Amino acid sequence: MIRKLGTRTTLSESDHRAIRGLPYLLRTYHAAAYAVREGEPPRRHCDFIQTGFAYRQKLTANGARQIVSIHLQGDFIDLQSLFLNIADHNVQALTELKVVAIEREALQALALDRPAVGRAMWIDALVDSSIYREWVMNVGRRDARARIAHVLCEVWLRMKAAGYPVEDGFELPLTQEQLADVVGLTPVHVNRTLKALQKEGVVHRNRRYVSFSDWDAMAGIGDFNALYLHLDQSQPAIHL
């Protein structure tokens, strides 16, 4: 957490000590387990991801699902709800998920009492909002080919920024059904589009392992511009 927040702004040694002094538990969620449920009051703890992936999702009245964001190591699961009285969405573990569960009231006090830490947490929440806006654009205005290419580009670049060993490729944590719920398509349409992208020679897949044969072409297909990830807020910045 110190390393992640320290990429957002400069933290003092006393800030480091305050973060180290937070009361916490270590917790593991199995894949598909709920960490947050829509309509419930806030939990006593806020989760910071050590390893694994999680996703936010909303359900319609008839049970249709839209996945609205993906989170990985170094992300807070429920920082967005730190000062809200009720959860307005669900958060589920995408893979086995190991988290540091920090006492909510202690984290609130830290954000209010430590300006630099509060600033870092603000920046983190604002970057989440920027990514959410791009996802709305992706589902609302891009075609199927661009939607899928865009998501693959984003996941790879965010994993790279988080320190995953992804130079040659990465293990996509999403099933085709889950990817379909990210991009607002059917699983059949997703499968057909992935095969077409592979046939074009811009991406290679071996089950869930994905590598880019031509990054520039893939980014072009996905209308991908990393500006919205605000990687300039990270130190060191990620350069393409």
# chains A, B, ... in the order shown; residues from 1 in each chain; ligands from 1
call {"tool": "residues_around", "arguments": {"residues": "stretch 195-212 of chain A", "least_positions_apart": "5", "cutoff": "12 Å", "atoms": "only C-alpha atoms", "output": "VMD selection string"}}
result
chain A and resid 144 to 149 152 to 153 155 to 157 166 to 176 179 188 to 190 217 to 222
call {"tool": "select_by_dssp", "arguments": {"residues": "stretch 5-176 of chain A", "states": "alpha helix (DSSP H)", "output": "VMD selection string"}}
result
chain A and resid 5 to 8 13 to 20 104 to 113 115 to 141 144 to 161 176
call {"tool": "write_last_selection", "arguments": {"atoms": "C-alpha atoms", "output": "PDB file, in the first residue's frame"}}
result
ATOM      1  CA  LEU A   5       0.200   5.376  -2.740  1.00  0.00           C
ATOM      2  CA  GLY A   6       3.796   6.559  -3.046  1.00  0.00           C
ATOM      3  CA  THR A   7       3.451   6.369  -6.839  1.00  0.00           C
ATOM      4  CA  ARG A   8       0.557   8.842  -6.617  1.00  0.00           C
ATOM      5  CA  GLU A  13       8.388   8.798   6.629  1.00  0.00           C
ATOM      6  CA  SER A  14       5.711   9.743   9.177  1.00  0.00           C
ATOM      7  CA  ASP A  15       3.077   8.956   6.516  1.00  0.00           C
ATOM      8  CA  HIS A  16       4.739   5.562   6.077  1.00  0.00           C
ATOM      9  CA  ARG A  17       4.586   4.936   9.819  1.00  0.00           C
ATOM     10  CA  ALA A  18       0.898   5.930   9.926  1.00  0.00           C
ATOM     11  CA  ILE A  19       0.099   3.482   7.114  1.00  0.00           C
ATOM     12  CA  ARG A  20       2.083   0.703   8.809  1.00  0.00           C
ATOM     13  CA  ARG A 104     -12.687   1.319   7.539  1.00  0.00           C
ATOM     14  CA  GLU A 105     -12.799   3.934  10.310  1.00  0.00           C
ATOM     15  CA  ALA A 106      -9.005   3.879  10.646  1.00  0.00           C
ATOM     16  CA  LEU A 107      -8.636   4.356   6.877  1.00  0.00           C
ATOM     17  CA  GLN A 108     -11.114   7.258   6.973  1.00  0.00           C
ATOM     18  CA  ALA A 109      -9.114   8.904   9.759  1.00  0.00           C
ATOM     19  CA  LEU A 110      -5.859   8.372   7.869  1.00  0.00           C
ATOM     20  CA  ALA A 111      -7.254  10.056   4.736  1.00  0.00           C
ATOM     21  CA  LEU A 112      -8.511  13.051   6.746  1.00  0.00           C
ATOM     22  CA  ASP A 113      -5.547  13.451   9.107  1.00  0.00           C
ATOM     23  CA  PRO A 115      -3.053  15.328   3.650  1.00  0.00           C
ATOM     24  CA  ALA A 116      -0.484  13.563   1.469  1.00  0.00           C
ATOM     25  CA  VAL A 117      -2.128  10.172   2.007  1.00  0.00           C
ATOM     26  CA  GLY A 118      -5.556  11.714   1.388  1.00  0.00           C
ATOM     27  CA  ARG A 119      -4.262  13.257  -1.847  1.00  0.00           C
ATOM     28  CA  ALA A 120      -2.866   9.911  -3.001  1.00  0.00           C
ATOM     29  CA  MET A 121      -6.185   8.190  -2.283  1.00  0.00           C
ATOM     30  CA  TRP A 122      -8.067  10.971  -4.120  1.00  0.00           C
ATOM     31  CA  ILE A 123      -5.837  10.500  -7.169  1.00  0.00           C
ATOM     32  CA  ASP A 124      -6.393   6.739  -7.037  1.00  0.00           C
ATOM     33  CA  ALA A 125     -10.178   7.192  -6.956  1.00  0.00           C
ATOM     34  CA  LEU A 126     -10.036   9.769  -9.779  1.00  0.00           C
ATOM     35  CA  VAL A 127      -8.017   7.397 -11.978  1.00  0.00           C
ATOM     36  CA  ASP A 128     -10.674   4.729 -11.334  1.00  0.00           C
ATOM     37  CA  SER A 129     -13.293   7.240 -12.493  1.00  0.00           C
ATOM     38  CA  SER A 130     -11.303   8.014 -15.633  1.00  0.00           C
ATOM     39  CA  ILE A 131     -11.104   4.307 -16.481  1.00  0.00           C
ATOM     40  CA  TYR A 132     -14.847   3.969 -15.901  1.00  0.00           C
ATOM     41  CA  ARG A 133     -15.539   6.807 -18.380  1.00  0.00           C
ATOM     42  CA  GLU A 134     -13.443   5.028 -20.999  1.00  0.00           C
ATOM     43  CA  TRP A 135     -15.390   1.811 -20.414  1.00  0.00           C
ATOM     44  CA  VAL A 136     -18.670   3.679 -20.998  1.00  0.00           C
ATOM     45  CA  MET A 137     -17.239   4.977 -24.294  1.00  0.00           C
ATOM     46  CA  ASN A 138     -16.029   1.495 -25.190  1.00  0.00           C
ATOM     47  CA  VAL A 139     -19.411  -0.185 -24.751  1.00  0.00           C
ATOM     48  CA  GLY A 140     -21.442   2.727 -26.106  1.00  0.00           C
ATOM     49  CA  ARG A 141     -19.553   3.833 -29.226  1.00  0.00           C
ATOM     50  CA  ALA A 144     -17.166  -5.355 -31.322  1.00  0.00           C
ATOM     51  CA  ARG A 145     -13.667  -5.625 -32.766  1.00  0.00           C
ATOM     52  CA  ALA A 146     -12.554  -2.340 -31.208  1.00  0.00           C
ATOM     53  CA  ARG A 147     -14.177  -3.091 -27.841  1.00  0.00           C
ATOM     54  CA  ILE A 148     -12.322  -6.354 -27.386  1.00  0.00           C
ATOM     55  CA  ALA A 149      -9.005  -5.012 -28.677  1.00  0.00           C
ATOM     56  CA  HIS A 150      -9.299  -2.039 -26.318  1.00  0.00           C
ATOM     57  CA  VAL A 151      -9.907  -4.214 -23.241  1.00  0.00           C
ATOM     58  CA  LEU A 152      -6.972  -6.493 -24.067  1.00  0.00           C
ATOM     59  CA  CYS A 153      -4.672  -3.486 -24.504  1.00  0.00           C
ATOM     60  CA  GLU A 154      -5.815  -2.000 -21.200  1.00  0.00           C
ATOM     61  CA  VAL A 155      -5.458  -5.189 -19.162  1.00  0.00           C
ATOM     62  CA  TRP A 156      -1.936  -5.780 -20.481  1.00  0.00           C
ATOM     63  CA  LEU A 157      -0.800  -2.207 -19.810  1.00  0.00           C
ATOM     64  CA  ARG A 158      -2.303  -2.081 -16.311  1.00  0.00           C
ATOM     65  CA  MET A 159      -0.699  -5.410 -15.431  1.00  0.00           C
ATOM     66  CA  LYS A 160       2.624  -4.091 -16.706  1.00  0.00           C
ATOM     67  CA  ALA A 161       2.275  -0.925 -14.615  1.00  0.00           C
ATOM     68  CA  GLN A 176     -15.143 -15.525 -22.658  1.00  0.00           C
TER      69      GLN A 176
END
call {"tool": "closest_residue", "arguments": {"among": "A:Tyr24, A:Phe76, A:Tyr34, A:Tyr29", "to": "A:Ile49", "atoms": "only C-alpha atoms"}}
result
A:Phe76
call {"tool": "select_by_dssp", "arguments": {"residues": "stretch 90-238 of chain A", "states": "strand (DSSP E)", "output": "list in words"}}
result
Asn90, Val91, Gln92, Ala93, Leu97, Lys98, Val99, Val100, Ala101, Ile102, Glu103, Phe170, Glu171, Val203, His204, Arg205, Asn206, Tyr209, Val210, Ser211 and Phe212 of chain A
call {"tool": "write_last_selection", "arguments": {"atoms": "N, CA and C atoms", "output": "mmCIF file, in the first residue's frame"}}
result
data_model
loop_
_atom_site.group_PDB
_atom_site.id
_atom_site.type_symbol
_atom_site.label_atom_id
_atom_site.label_comp_id
_atom_site.auth_asym_id
_atom_site.auth_seq_id
_atom_site.Cartn_x
_atom_site.Cartn_y
_atom_site.Cartn_z
ATOM 1 N N ASN A 90 -21.961 -4.566 -6.880
ATOM 2 C CA ASN A 90 -21.322 -5.763 -6.332
ATOM 3 C C ASN A 90 -19.854 -5.803 -6.720
ATOM 4 N N VAL A 91 -19.041 -6.410 -5.861
ATOM 5 C CA VAL A 91 -17.652 -6.718 -6.195
ATOM 6 C C VAL A 91 -17.435 -8.205 -5.939
ATOM 7 N N GLN A 92 -16.919 -8.901 -6.957
ATOM 8 C CA GLN A 92 -16.644 -10.331 -6.837
ATOM 9 C C GLN A 92 -15.183 -10.625 -7.153
ATOM 10 N N ALA A 93 -14.691 -11.700 -6.546
ATOM 11 C CA ALA A 93 -13.355 -12.181 -6.883
ATOM 12 C C ALA A 93 -13.401 -12.817 -8.267
ATOM 13 N N LEU A 97 -8.378 -14.485 -4.522
ATOM 14 C CA LEU A 97 -8.045 -13.094 -4.210
ATOM 15 C C LEU A 97 -7.534 -13.011 -2.783
ATOM 16 N N LYS A 98 -6.324 -12.534 -2.625
ATOM 17 C CA LYS A 98 -5.770 -12.304 -1.288
ATOM 18 C C LYS A 98 -5.696 -10.805 -1.043
ATOM 19 N N VAL A 99 -6.265 -10.376 0.076
ATOM 20 C CA VAL A 99 -6.372 -8.948 0.354
ATOM 21 C C VAL A 99 -5.882 -8.632 1.762
ATOM 22 N N VAL A 100 -5.509 -7.369 1.937
ATOM 23 C CA VAL A 100 -5.298 -6.796 3.255
ATOM 24 C C VAL A 100 -6.583 -6.042 3.591
ATOM 25 N N ALA A 101 -7.286 -6.510 4.607
ATOM 26 C CA ALA A 101 -8.568 -5.895 5.002
ATOM 27 C C ALA A 101 -8.290 -4.883 6.106
ATOM 28 N N ILE A 102 -8.365 -3.591 5.751
ATOM 29 C CA ILE A 102 -8.011 -2.502 6.664
ATOM 30 C C ILE A 102 -9.278 -1.954 7.306
ATOM 31 N N GLU A 103 -9.238 -1.695 8.608
ATOM 32 C CA GLU A 103 -10.407 -1.168 9.300
ATOM 33 C C GLU A 103 -10.860 0.137 8.655
ATOM 34 N N PHE A 170 0.388 -12.254 -21.463
ATOM 35 C CA PHE A 170 -0.229 -12.299 -20.146
ATOM 36 C C PHE A 170 -1.367 -13.308 -20.129
ATOM 37 N N GLU A 171 -1.672 -13.774 -18.924
ATOM 38 C CA GLU A 171 -2.774 -14.689 -18.701
ATOM 39 C C GLU A 171 -4.028 -13.857 -18.478
ATOM 40 N N VAL A 203 -2.861 -10.518 -32.771
ATOM 41 C CA VAL A 203 -2.851 -11.093 -31.430
ATOM 42 C C VAL A 203 -2.745 -12.609 -31.555
ATOM 43 N N HIS A 204 -2.124 -13.221 -30.559
ATOM 44 C CA HIS A 204 -2.034 -14.680 -30.528
ATOM 45 C C HIS A 204 -2.608 -15.161 -29.207
ATOM 46 N N ARG A 205 -3.386 -16.250 -29.250
ATOM 47 C CA ARG A 205 -3.976 -16.802 -28.036
ATOM 48 C C ARG A 205 -3.657 -18.283 -27.931
ATOM 49 N N ASN A 206 -3.349 -18.693 -26.726
ATOM 50 C CA ASN A 206 -3.230 -20.115 -26.399
ATOM 51 C C ASN A 206 -4.075 -20.322 -25.148
ATOM 52 N N TYR A 209 -3.898 -17.503 -22.498
ATOM 53 C CA TYR A 209 -2.654 -16.742 -22.610
ATOM 54 C C TYR A 209 -2.699 -15.908 -23.892
ATOM 55 N N VAL A 210 -2.463 -14.610 -23.741
ATOM 56 C CA VAL A 210 -2.594 -13.655 -24.845
ATOM 57 C C VAL A 210 -1.266 -12.943 -25.055
ATOM 58 N N SER A 211 -0.839 -12.833 -26.289
ATOM 59 C CA SER A 211 0.326 -12.009 -26.629
ATOM 60 C C SER A 211 0.004 -11.217 -27.887
ATOM 61 N N PHE A 212 0.629 -10.063 -28.005
ATOM 62 C CA PHE A 212 0.377 -9.185 -29.147
ATOM 63 C C PHE A 212 1.435 -9.412 -30.216
#
call {"tool": "closest_residue", "arguments": {"among": "A:His89, A:Arg27, A:Arg37, A:Arg43", "to": "A:Arg56", "atoms": "only C-alpha atoms"}}
result
A:His89
call {"tool": "atom_distance", "arguments": {"atom1": "atom CA of A:Val182", "atom2": "atom CA of A:Ile67"}}
result
4.8 Å
call {"tool": "closest_residue", "arguments": {"among": "A:Thr51, A:Thr9, A:Asn191, A:Thr60", "to": "A:Glu38", "atoms": "only C-alpha atoms"}}
result
A:Thr60
call {"tool": "residues_around", "arguments": {"residues": "A:Phe83", "least_positions_apart": "2", "cutoff": "9 Å", "atoms": "only C-alpha atoms", "output": "ChimeraX atom specification"}}
result
/A:42,79-81,85,108
